[in-house]
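Report on the following structure.
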Amino acid sequence: MNWKVTFYSPDLEGEILDLPAGFLARFLHYAERMEVFGPDLGMPHTRAMGGGLFELRLKAAEGIARVFYCRVADRRIVMLHQFVKKSDKTPRKELDIAHRRMKEVKHGYQS
């Protein structure tokens, strides 16, 4: 049985689809692989961030981007938040958004 990739909101789906071409190509490739092999593709493609949160690591000519996601029941992977990295360290603000959205998704409600 395959996995299903979904999005926290239609707005987030639009943000991801509006990423520069290199990031979008990587995202679509990895999302297809996740639907077949599951949410953990391993380094350097994905990384566990702890507490059930994962990051999809996108590297392209345009730079580096991250998409945070979690897995939920029914073999579903929910994309929670995306951002383009500007520094080596992931900003706390970006992690906080992803953690808040993951709690919402896992408790059955969305904003």
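By convention in this document, the chains of the structure tokens carry letters A, B, ... by their order, each chain's residues are numbered from 1, and ligands are numbered from 1 in the order they are shown.
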Need the shell around Val67 (chain A): protein/DNA/RNA residues with any atom at most 10 Å away, counting only C-alpha atoms. Skip same-chain ones fewer than 5 positions apart. Format as a compact mmCIF listing (two decimals) with all heavy atoms, in the first residue's frame?
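Ended up saving to part_25.txt:
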```
# COMPACT_ATOMS: atom_id res chain seq x y z
N ILE A 16 4.52 26.07 -2.18
CA ILE A 16 5.48 25.07 -2.62
C ILE A 16 5.51 25.02 -4.15
O ILE A 16 6.58 24.97 -4.77
CB ILE A 16 5.17 23.69 -2.01
CG1 ILE A 16 5.48 23.73 -0.51
CG2 ILE A 16 5.98 22.59 -2.70
CD1 ILE A 16 5.05 22.51 0.27
N PHE A 27 11.36 18.87 -5.12
CA PHE A 27 10.22 18.54 -4.26
C PHE A 27 9.34 17.48 -4.92
O PHE A 27 8.97 16.49 -4.28
CB PHE A 27 9.37 19.79 -3.95
CG PHE A 27 8.12 19.44 -3.20
CD1 PHE A 27 8.17 19.23 -1.83
CD2 PHE A 27 6.91 19.27 -3.86
CE1 PHE A 27 7.03 18.86 -1.13
CE2 PHE A 27 5.77 18.90 -3.17
CZ PHE A 27 5.83 18.70 -1.80
N THR A 46 16.10 13.49 3.45
CA THR A 46 15.21 13.80 4.58
C THR A 46 15.98 13.66 5.88
O THR A 46 16.99 12.95 5.94
CB THR A 46 13.98 12.86 4.62
OG1 THR A 46 14.41 11.51 4.80
CG2 THR A 46 13.14 12.98 3.35
N PHE A 54 9.79 15.95 10.52
CA PHE A 54 10.85 15.66 9.56
C PHE A 54 11.06 16.88 8.68
O PHE A 54 10.18 17.72 8.55
CB PHE A 54 10.45 14.49 8.65
CG PHE A 54 10.35 13.17 9.33
CD1 PHE A 54 9.18 12.81 9.99
CD2 PHE A 54 11.41 12.27 9.32
CE1 PHE A 54 9.07 11.58 10.62
CE2 PHE A 54 11.31 11.04 9.95
CZ PHE A 54 10.13 10.69 10.60
N GLU A 55 12.24 16.94 8.04
CA GLU A 55 12.47 17.98 7.04
C GLU A 55 12.87 17.32 5.74
O GLU A 55 13.63 16.36 5.72
CB GLU A 55 13.52 19.00 7.49
CG GLU A 55 14.93 18.51 7.51
CD GLU A 55 15.95 19.61 7.83
OE1 GLU A 55 15.58 20.77 8.03
OE2 GLU A 55 17.14 19.27 7.89
N LEU A 56 12.31 17.85 4.66
CA LEU A 56 12.69 17.47 3.31
C LEU A 56 13.72 18.50 2.87
O LEU A 56 13.47 19.71 2.93
CB LEU A 56 11.45 17.51 2.40
CG LEU A 56 11.60 17.06 0.96
CD1 LEU A 56 12.11 15.61 0.90
CD2 LEU A 56 10.26 17.15 0.26
N ARG A 57 14.89 18.03 2.49
CA ARG A 57 16.04 18.91 2.24
C ARG A 57 16.18 19.12 0.73
O ARG A 57 16.56 18.20 0.02
CB ARG A 57 17.28 18.28 2.84
CG ARG A 57 17.11 18.01 4.34
CD ARG A 57 18.11 17.01 4.89
NE ARG A 57 19.49 17.40 4.71
CZ ARG A 57 20.17 18.21 5.52
NH1 ARG A 57 19.58 18.70 6.59
NH2 ARG A 57 21.41 18.51 5.27
N LEU A 58 15.87 20.33 0.27
CA LEU A 58 15.92 20.64 -1.15
C LEU A 58 17.14 21.49 -1.45
O LEU A 58 17.30 22.56 -0.88
CB LEU A 58 14.65 21.38 -1.57
CG LEU A 58 13.32 20.73 -1.21
CD1 LEU A 58 12.16 21.64 -1.61
CD2 LEU A 58 13.18 19.37 -1.86
N MET A 79 2.62 17.79 4.50
CA MET A 79 3.59 18.87 4.37
C MET A 79 3.07 20.04 5.22
O MET A 79 1.91 20.45 5.08
CB MET A 79 3.74 19.31 2.92
CG MET A 79 4.25 18.22 2.01
SD MET A 79 5.91 17.69 2.49
CE MET A 79 5.99 16.08 1.72
N LEU A 80 3.91 20.55 6.12
CA LEU A 80 3.47 21.53 7.11
C LEU A 80 3.92 22.96 6.84
O LEU A 80 3.18 23.90 7.11
CB LEU A 80 4.00 21.11 8.49
CG LEU A 80 3.56 19.76 9.00
CD1 LEU A 80 4.38 19.36 10.22
CD2 LEU A 80 2.08 19.77 9.33
N HIS A 81 5.16 23.12 6.36
CA HIS A 81 5.72 24.48 6.25
C HIS A 81 6.94 24.42 5.35
O HIS A 81 7.66 23.42 5.33
CB HIS A 81 6.12 24.99 7.63
CG HIS A 81 6.70 26.35 7.66
ND1 HIS A 81 6.03 27.46 7.19
CD2 HIS A 81 7.91 26.80 8.07
CE1 HIS A 81 6.80 28.54 7.34
NE2 HIS A 81 7.95 28.16 7.88
N GLN A 82 7.16 25.49 4.58
CA GLN A 82 8.35 25.56 3.73
C GLN A 82 9.02 26.91 3.90
O GLN A 82 8.38 27.89 4.27
CB GLN A 82 7.97 25.34 2.26
CG GLN A 82 7.12 26.41 1.63
CD GLN A 82 7.91 27.61 1.13
OE1 GLN A 82 9.09 27.50 0.78
NE2 GLN A 82 7.29 28.77 1.12
N PHE A 83 10.32 26.92 3.67
CA PHE A 83 11.06 28.19 3.65
C PHE A 83 12.37 27.99 2.89
O PHE A 83 12.85 26.86 2.74
CB PHE A 83 11.34 28.72 5.07
CG PHE A 83 12.35 27.94 5.84
CD1 PHE A 83 13.65 28.40 5.96
CD2 PHE A 83 12.02 26.74 6.45
CE1 PHE A 83 14.60 27.69 6.67
CE2 PHE A 83 12.96 26.01 7.16
CZ PHE A 83 14.26 26.49 7.27
N VAL A 84 12.91 29.08 2.40
CA VAL A 84 14.20 29.07 1.72
C VAL A 84 15.25 29.47 2.75
O VAL A 84 15.11 30.50 3.42
CB VAL A 84 14.21 30.03 0.51
CG1 VAL A 84 15.59 30.09 -0.12
CG2 VAL A 84 13.16 29.60 -0.51
N GLU A 94 10.86 29.30 12.10
CA GLU A 94 10.40 28.32 11.11
C GLU A 94 10.06 26.99 11.79
O GLU A 94 9.05 26.36 11.48
CB GLU A 94 11.46 28.11 10.02
CG GLU A 94 11.97 29.37 9.37
CD GLU A 94 10.93 30.15 8.58
OE1 GLU A 94 9.82 29.66 8.36
OE2 GLU A 94 11.23 31.29 8.16
N ALA A 98 6.29 24.99 12.16
CA ALA A 98 6.12 23.58 11.82
C ALA A 98 5.60 22.77 13.01
O ALA A 98 4.68 21.95 12.85
CB ALA A 98 7.44 23.00 11.32
```
Residues of chain A in strand (DSSP E), written as a ChimeraX atom specification
/A:4-7,46-50,53-60,63-72,76-84
Using only C-alpha atoms, which protein or nucleic acid residues come within 8 Å of Ile77 (chain A)? Drop anything in the same chain fewer than 4 positions from it, and give the result as a VMD selection string.
chain A and resid 3 to 6 39 69 to 72
Please identify which residues in chain A DSSP calls helix (DSSP H, G or I) from the backbone, and express them as a ChimeraX atom specification.
/A:10-17,21-37,92-106
Distance criterion (only C-alpha atoms): nearest to Arg66 (chain A) out of A:Met102, A:Ala21, A:Val36, A:Lys85
A:Lys85
